[in-house]
Amino acid sequence: MNRILVPVKRVIDYAVKIRVRPDKLGVETANVKMSMNPFDEIAVEEAIQLKEKGHAKEIIAVSLGPKANQETLRTALAMGADRAILVETDAELQPLAVAKLLQKIAEAEKPDLVILGKQAIDDDANQTGQMLAGLLKWPQGTFASQVNPLSGKVNVTRETDKGLETLEIIPPAVLTADLRLNTPRFAKLQNIMKAKKKEIEQRTPEGLGVDISPRLTVISVEEPPTRAAGVKVETVDQLVQKNKKKKKKK
């Protein structure tokens, strides 16, 4: 393998308490800490580890969205990516549009693997990797918890409801990273400073010839219901009786 493409998404940081907008059509993002999608961090780390083991020569990070996504790309560069591409747009991007944009980037860059997070923690769509593989007509290994490159192929262990499943995939292919694939490294200060000076290649949806018009409409976003206060009991018998009463009410 020569090249790995890693899409990275800028999302609200996982530690931030989410607030619904007054119009109930989304969540507040103004003055909110943003960071790289955690599953995409895992994808970047896996690409770096494959390169360190001699299975790849170049890692390209790509992000789609506003100019602020450069910060996310520089995080990927600081971790160990070699190049970065920003497809800049202020428009809302839904999974199908993202997959179509990534298709154009993949066709231009010709990577052996595309590794991305299995889902983003903001919309939890879990669609982009599968759509991208379909558009490219490439094999896919989703929910990957282990990736083992062999001669001319890649063995991917994936997590399913029935247990672990191992696939033998011939590149080029699309892989989506699960939580247990690896633990992402922290970027060194020296690499962070170097990443600030690296050039980020610019693209646009129009330049790639992709229609990014939304196909879905958000009707309403609601806060989750407030949990009822708990009740302390003195004995196991009291706990059993309370549970019985709850079942009868249902």
# chains A, B, ... in the order shown; residues from 1 in each chain; ligands from 1
call {"tool": "residues_around", "arguments": {"residues": "Ile170 (chain A)", "least_positions_apart": "6", "cutoff": "8 Å", "atoms": "only C-alpha atoms", "output": "short mmCIF file (atom, residue, chain, number, x, y, z; two decimals) with all heavy atoms, in the first residue's frame"}}
result
data_model
loop_
_atom_site.label_atom_id
_atom_site.label_comp_id
_atom_site.auth_asym_id
_atom_site.auth_seq_id
_atom_site.Cartn_x
_atom_site.Cartn_y
_atom_site.Cartn_z
N PRO A 139 -14.73 -2.72 -1.75
CA PRO A 139 -15.12 -3.51 -0.57
C PRO A 139 -15.01 -2.66 0.69
O PRO A 139 -14.29 -1.65 0.72
CB PRO A 139 -14.10 -4.65 -0.55
CG PRO A 139 -12.92 -4.13 -1.31
CD PRO A 139 -13.48 -3.20 -2.36
N GLY A 152 -0.89 -8.09 -0.28
CA GLY A 152 -1.92 -7.84 -1.26
C GLY A 152 -3.34 -7.84 -0.73
O GLY A 152 -4.29 -7.78 -1.51
N LYS A 153 -3.49 -7.91 0.59
CA LYS A 153 -4.84 -7.92 1.17
C LYS A 153 -4.78 -7.41 2.61
O LYS A 153 -3.71 -7.18 3.17
CB LYS A 153 -5.44 -9.33 1.14
CG LYS A 153 -4.60 -10.37 1.88
CD LYS A 153 -5.15 -11.76 1.66
CE LYS A 153 -4.25 -12.79 2.37
NZ LYS A 153 -4.73 -14.18 2.15
N VAL A 154 -5.96 -7.20 3.18
CA VAL A 154 -6.06 -6.71 4.56
C VAL A 154 -7.10 -7.55 5.29
O VAL A 154 -8.22 -7.72 4.80
CB VAL A 154 -6.49 -5.23 4.61
CG1 VAL A 154 -6.61 -4.75 6.05
CG2 VAL A 154 -5.50 -4.35 3.85
#
call {"tool": "select_by_dssp", "arguments": {"residues": "region 109-158 of chain A", "states": "alpha helix (DSSP H)", "output": "list in words"}}
result
Glu109, Thr128, Gly129, Gln130, Met131, Leu132, Ala133, Gly134, Leu135 and Leu136 of chain A
call {"tool": "write_last_selection", "arguments": {"atoms": "all heavy atoms", "output": "PDB file, in the first residue's frame"}}
result
ATOM      1  N   GLU A 109      -6.990  11.197  -5.606  1.00  0.00           N
ATOM      2  CA  GLU A 109      -5.786  10.843  -4.850  1.00  0.00           C
ATOM      3  C   GLU A 109      -5.405   9.370  -4.973  1.00  0.00           C
ATOM      4  O   GLU A 109      -4.273   8.991  -4.684  1.00  0.00           O
ATOM      5  CB  GLU A 109      -5.974  11.199  -3.366  1.00  0.00           C
ATOM      6  CG  GLU A 109      -6.170  12.684  -3.104  1.00  0.00           C
ATOM      7  CD  GLU A 109      -4.929  13.500  -3.418  1.00  0.00           C
ATOM      8  OE1 GLU A 109      -3.823  12.933  -3.461  1.00  0.00           O
ATOM      9  OE2 GLU A 109      -5.068  14.723  -3.633  1.00  0.00           O
ATOM     10  N   THR A 128     -21.738   7.377   6.282  1.00  0.00           N
ATOM     11  CA  THR A 128     -20.807   7.889   5.276  1.00  0.00           C
ATOM     12  C   THR A 128     -19.875   6.818   4.731  1.00  0.00           C
ATOM     13  O   THR A 128     -19.674   6.716   3.513  1.00  0.00           O
ATOM     14  CB  THR A 128     -19.979   9.057   5.856  1.00  0.00           C
ATOM     15  OG1 THR A 128     -20.867  10.086   6.289  1.00  0.00           O
ATOM     16  CG2 THR A 128     -19.032   9.612   4.814  1.00  0.00           C
ATOM     17  N   GLY A 129     -19.286   6.007   5.597  1.00  0.00           N
ATOM     18  CA  GLY A 129     -18.355   4.971   5.136  1.00  0.00           C
ATOM     19  C   GLY A 129     -19.010   3.993   4.186  1.00  0.00           C
ATOM     20  O   GLY A 129     -18.461   3.657   3.125  1.00  0.00           O
ATOM     21  N   GLN A 130     -20.212   3.543   4.553  1.00  0.00           N
ATOM     22  CA  GLN A 130     -20.920   2.580   3.715  1.00  0.00           C
ATOM     23  C   GLN A 130     -21.324   3.201   2.381  1.00  0.00           C
ATOM     24  O   GLN A 130     -21.206   2.567   1.326  1.00  0.00           O
ATOM     25  CB  GLN A 130     -22.165   2.070   4.455  1.00  0.00           C
ATOM     26  CG  GLN A 130     -21.861   1.241   5.689  1.00  0.00           C
ATOM     27  CD  GLN A 130     -21.715   2.067   6.958  1.00  0.00           C
ATOM     28  OE1 GLN A 130     -21.243   3.207   6.914  1.00  0.00           O
ATOM     29  NE2 GLN A 130     -22.093   1.510   8.091  1.00  0.00           N
ATOM     30  N   MET A 131     -21.805   4.446   2.413  1.00  0.00           N
ATOM     31  CA  MET A 131     -22.171   5.131   1.172  1.00  0.00           C
ATOM     32  C   MET A 131     -20.958   5.334   0.270  1.00  0.00           C
ATOM     33  O   MET A 131     -21.035   5.148  -0.950  1.00  0.00           O
ATOM     34  CB  MET A 131     -22.812   6.485   1.486  1.00  0.00           C
ATOM     35  CG  MET A 131     -24.215   6.404   2.063  1.00  0.00           C
ATOM     36  SD  MET A 131     -24.835   8.061   2.454  1.00  0.00           S
ATOM     37  CE  MET A 131     -26.546   7.702   2.847  1.00  0.00           C
ATOM     38  N   LEU A 132     -19.838   5.714   0.869  1.00  0.00           N
ATOM     39  CA  LEU A 132     -18.617   5.938   0.090  1.00  0.00           C
ATOM     40  C   LEU A 132     -18.169   4.658  -0.600  1.00  0.00           C
ATOM     41  O   LEU A 132     -17.813   4.673  -1.789  1.00  0.00           O
ATOM     42  CB  LEU A 132     -17.512   6.478   1.000  1.00  0.00           C
ATOM     43  CG  LEU A 132     -16.140   6.676   0.351  1.00  0.00           C
ATOM     44  CD1 LEU A 132     -16.224   7.670  -0.798  1.00  0.00           C
ATOM     45  CD2 LEU A 132     -15.116   7.132   1.386  1.00  0.00           C
ATOM     46  N   ALA A 133     -18.188   3.554   0.126  1.00  0.00           N
ATOM     47  CA  ALA A 133     -17.798   2.272  -0.471  1.00  0.00           C
ATOM     48  C   ALA A 133     -18.719   1.920  -1.635  1.00  0.00           C
ATOM     49  O   ALA A 133     -18.268   1.426  -2.677  1.00  0.00           O
ATOM     50  CB  ALA A 133     -17.829   1.173   0.591  1.00  0.00           C
ATOM     51  N   GLY A 134     -20.021   2.194  -1.480  1.00  0.00           N
ATOM     52  CA  GLY A 134     -20.969   1.912  -2.547  1.00  0.00           C
ATOM     53  C   GLY A 134     -20.720   2.765  -3.778  1.00  0.00           C
ATOM     54  O   GLY A 134     -20.774   2.278  -4.914  1.00  0.00           O
ATOM     55  N   LEU A 135     -20.438   4.060  -3.564  1.00  0.00           N
ATOM     56  CA  LEU A 135     -20.183   4.958  -4.689  1.00  0.00           C
ATOM     57  C   LEU A 135     -18.901   4.591  -5.436  1.00  0.00           C
ATOM     58  O   LEU A 135     -18.841   4.672  -6.665  1.00  0.00           O
ATOM     59  CB  LEU A 135     -20.104   6.404  -4.190  1.00  0.00           C
ATOM     60  CG  LEU A 135     -21.417   7.023  -3.688  1.00  0.00           C
ATOM     61  CD1 LEU A 135     -21.144   8.347  -2.977  1.00  0.00           C
ATOM     62  CD2 LEU A 135     -22.396   7.233  -4.844  1.00  0.00           C
ATOM     63  N   LEU A 136     -17.892   4.193  -4.675  1.00  0.00           N
ATOM     64  CA  LEU A 136     -16.606   3.828  -5.281  1.00  0.00           C
ATOM     65  C   LEU A 136     -16.607   2.404  -5.829  1.00  0.00           C
ATOM     66  O   LEU A 136     -15.694   2.026  -6.564  1.00  0.00           O
ATOM     67  CB  LEU A 136     -15.482   3.964  -4.250  1.00  0.00           C
ATOM     68  CG  LEU A 136     -15.099   5.384  -3.832  1.00  0.00           C
ATOM     69  CD1 LEU A 136     -14.167   5.353  -2.618  1.00  0.00           C
ATOM     70  CD2 LEU A 136     -14.425   6.126  -4.982  1.00  0.00           C
TER      71      LEU A 136
END
call {"tool": "residues_around", "arguments": {"residues": "Ala43 (chain A)", "least_positions_apart": "5", "cutoff": "6 Å", "atoms": "only C-alpha atoms", "output": "JSON, numbers by chain"}}
result
{"A": [115, 116, 117, 177]}
call {"tool": "write_last_selection", "arguments": {"atoms": "N, CA, C and O atoms", "output": "PDB file, in the first residue's frame"}}
result
ATOM      1  N   ILE A 115      -9.764   5.266   5.573  1.00  0.00           N
ATOM      2  CA  ILE A 115     -10.116   4.894   6.946  1.00  0.00           C
ATOM      3  C   ILE A 115     -10.790   6.089   7.600  1.00  0.00           C
ATOM      4  O   ILE A 115     -10.220   7.176   7.658  1.00  0.00           O
ATOM      5  N   LEU A 116     -12.014   5.892   8.081  1.00  0.00           N
ATOM      6  CA  LEU A 116     -12.738   6.966   8.750  1.00  0.00           C
ATOM      7  C   LEU A 116     -13.465   6.403   9.964  1.00  0.00           C
ATOM      8  O   LEU A 116     -13.612   5.184  10.109  1.00  0.00           O
ATOM      9  N   GLY A 117     -13.882   7.295  10.860  1.00  0.00           N
ATOM     10  CA  GLY A 117     -14.636   6.853  12.019  1.00  0.00           C
ATOM     11  C   GLY A 117     -15.948   6.203  11.613  1.00  0.00           C
ATOM     12  O   GLY A 117     -16.548   6.573  10.598  1.00  0.00           O
ATOM     13  N   ALA A 177     -13.614   2.845  11.599  1.00  0.00           N
ATOM     14  CA  ALA A 177     -12.950   2.520  12.864  1.00  0.00           C
ATOM     15  C   ALA A 177     -13.931   2.458  14.022  1.00  0.00           C
ATOM     16  O   ALA A 177     -14.730   3.372  14.226  1.00  0.00           O
TER      17      ALA A 177
END
call {"tool": "select_by_dssp", "arguments": {"residues": "region 62-224 of chain A", "states": "strand (DSSP E)", "output": "count of residues only"}}
result
49
call {"tool": "residues_around", "arguments": {"residues": "region 208-214 of chain A", "least_positions_apart": "4", "cutoff": "12 Å", "atoms": "only C-alpha atoms", "output": "ChimeraX atom specification"}}
result
/A:64-65,87-108,202-204,218
call {"tool": "atom_distance", "arguments": {"atom1": "CA of Ile59 (chain A)", "atom2": "CA of Glu165 (chain A)"}}
result
26.9 Å
call {"tool": "closest_residue", "arguments": {"among": "A:Leu167, A:Val20, A:Lys197, A:Phe39", "to": "Asn126 (chain A)", "atoms": "only C-alpha atoms"}}
result
A:Phe39
call {"tool": "residues_around", "arguments": {"residues": "Pro172 (chain A)", "least_positions_apart": "3", "cutoff": "7 Å", "atoms": "only C-alpha atoms", "output": "PDB file with N, CA, C and O atoms, in the first residue's frame"}}
result
ATOM      1  N   PRO A 111      -6.134   6.489  -3.158  1.00  0.00           N
ATOM      2  CA  PRO A 111      -5.576   5.809  -1.979  1.00  0.00           C
ATOM      3  C   PRO A 111      -5.836   4.305  -2.050  1.00  0.00           C
ATOM      4  O   PRO A 111      -6.749   3.842  -2.744  1.00  0.00           O
ATOM      5  N   ASP A 112      -5.025   3.557  -1.307  1.00  0.00           N
ATOM      6  CA  ASP A 112      -5.258   2.115  -1.192  1.00  0.00           C
ATOM      7  C   ASP A 112      -6.324   1.833  -0.137  1.00  0.00           C
ATOM      8  O   ASP A 112      -7.055   0.854  -0.244  1.00  0.00           O
ATOM      9  N   LEU A 113      -6.362   2.691   0.890  1.00  0.00           N
ATOM     10  CA  LEU A 113      -7.369   2.563   1.941  1.00  0.00           C
ATOM     11  C   LEU A 113      -7.955   3.932   2.253  1.00  0.00           C
ATOM     12  O   LEU A 113      -7.241   4.937   2.247  1.00  0.00           O
ATOM     13  N   TRP A 138     -16.073  -0.168  -3.950  1.00  0.00           N
ATOM     14  CA  TRP A 138     -14.958  -0.799  -3.241  1.00  0.00           C
ATOM     15  C   TRP A 138     -15.490  -1.690  -2.129  1.00  0.00           C
ATOM     16  O   TRP A 138     -16.586  -1.433  -1.594  1.00  0.00           O
TER      17      TRP A 138
END
call {"tool": "residues_around", "arguments": {"residues": "region 180-193 of chain A", "least_positions_apart": "5", "cutoff": "12 Å", "atoms": "only C-alpha atoms", "output": "count of residues only"}}
result
44
call {"tool": "decode", "arguments": {"residues": "region 70-169 of chain A", "atoms": "C-alpha atoms", "output": "compact mmCIF listing (two decimals), in the first residue's frame"}}
result
# COMPACT_ATOMS: atom_id res chain seq x y z
CA GLN A 70 -8.35 23.83 9.27
CA GLU A 71 -7.84 23.49 13.01
CA THR A 72 -9.02 19.87 12.86
CA LEU A 73 -6.75 19.18 9.90
CA ARG A 74 -3.76 20.65 11.74
CA THR A 75 -4.50 18.29 14.62
CA ALA A 76 -4.29 15.39 12.16
CA LEU A 77 -1.03 16.80 10.74
CA ALA A 78 0.40 17.14 14.26
CA MET A 79 -0.51 13.52 14.98
CA GLY A 80 1.37 12.33 11.89
CA ALA A 81 -0.59 12.93 8.66
CA ASP A 82 1.58 14.04 5.72
CA ARG A 83 -0.88 16.20 3.78
CA ALA A 84 -4.22 17.90 4.39
CA ILE A 85 -7.11 18.84 2.11
CA LEU A 86 -10.01 21.12 3.03
CA VAL A 87 -13.18 21.06 0.94
CA GLU A 88 -14.49 24.42 2.11
CA THR A 89 -18.19 25.18 2.36
CA ASP A 90 -20.48 26.85 4.88
CA ALA A 91 -23.46 24.79 3.71
CA GLU A 92 -24.96 21.97 5.75
CA LEU A 93 -23.42 18.65 4.74
CA GLN A 94 -25.43 15.47 5.08
CA PRO A 95 -23.95 11.95 4.82
CA LEU A 96 -24.71 11.41 1.12
CA ALA A 97 -23.15 14.76 0.15
CA VAL A 98 -20.10 13.95 2.29
CA ALA A 99 -19.76 10.54 0.63
CA LYS A 100 -19.98 12.10 -2.85
CA LEU A 101 -17.30 14.69 -2.01
CA LEU A 102 -15.03 12.00 -0.57
CA GLN A 103 -15.62 9.91 -3.69
CA LYS A 104 -14.17 12.73 -5.83
CA ILE A 105 -11.19 13.15 -3.50
CA ALA A 106 -10.54 9.40 -3.49
CA GLU A 107 -10.75 9.21 -7.28
CA ALA A 108 -8.20 12.03 -7.54
CA GLU A 109 -5.79 10.84 -4.85
CA LYS A 110 -6.14 7.08 -5.55
CA PRO A 111 -5.58 5.81 -1.98
CA ASP A 112 -5.26 2.12 -1.19
CA LEU A 113 -7.37 2.56 1.94
CA VAL A 114 -9.88 5.10 3.16
CA ILE A 115 -10.12 4.89 6.95
CA LEU A 116 -12.74 6.97 8.75
CA GLY A 117 -14.64 6.85 12.02
CA LYS A 118 -17.65 4.54 12.04
CA GLN A 119 -19.84 7.52 12.97
CA ALA A 120 -19.68 11.14 14.11
CA ILE A 121 -20.75 11.90 17.68
CA ASP A 122 -22.88 14.86 16.59
CA ASP A 123 -25.39 13.18 14.25
CA ASP A 124 -24.58 9.48 14.94
CA ALA A 125 -25.57 8.76 11.33
CA ASN A 126 -23.15 5.85 10.74
CA GLN A 127 -23.72 6.14 6.97
CA THR A 128 -20.81 7.89 5.28
CA GLY A 129 -18.35 4.97 5.14
CA GLN A 130 -20.92 2.58 3.71
CA MET A 131 -22.17 5.13 1.17
CA LEU A 132 -18.62 5.94 0.09
CA ALA A 133 -17.80 2.27 -0.47
CA GLY A 134 -20.97 1.91 -2.55
CA LEU A 135 -20.18 4.96 -4.69
CA LEU A 136 -16.61 3.83 -5.28
CA LYS A 137 -17.67 0.18 -5.73
CA TRP A 138 -14.96 -0.80 -3.24
CA PRO A 139 -15.12 -3.51 -0.57
CA GLN A 140 -15.73 -2.29 2.96
CA GLY A 141 -14.82 -3.34 6.49
CA THR A 142 -17.05 -1.52 8.97
CA PHE A 143 -16.80 -1.35 12.79
CA ALA A 144 -13.16 -2.47 12.57
CA SER A 145 -11.58 -3.43 15.89
CA GLN A 146 -8.41 -4.84 14.32
CA VAL A 147 -6.65 -4.26 10.98
CA ASN A 148 -3.91 -6.63 9.79
CA PRO A 149 -2.34 -5.91 6.39
CA LEU A 150 -0.98 -8.98 4.60
CA SER A 151 0.51 -9.49 1.16
CA GLY A 152 -1.92 -7.84 -1.26
CA LYS A 153 -4.84 -7.92 1.17
CA VAL A 154 -6.06 -6.71 4.56
CA ASN A 155 -7.67 -8.81 7.27
CA VAL A 156 -10.25 -6.76 9.18
CA THR A 157 -11.79 -7.96 12.43
CA ARG A 158 -15.14 -6.28 12.96
CA GLU A 159 -17.56 -6.19 15.88
CA THR A 160 -21.08 -7.46 15.24
CA ASP A 161 -24.07 -8.34 17.42
CA LYS A 162 -23.11 -12.01 17.09
CA GLY A 163 -19.46 -11.49 18.03
CA LEU A 164 -16.22 -10.87 16.13
CA GLU A 165 -16.11 -11.41 12.37
CA THR A 166 -12.91 -11.40 10.30
CA LEU A 167 -12.99 -10.32 6.66
CA GLU A 168 -10.27 -10.71 4.04
CA ILE A 169 -10.35 -7.58 1.89
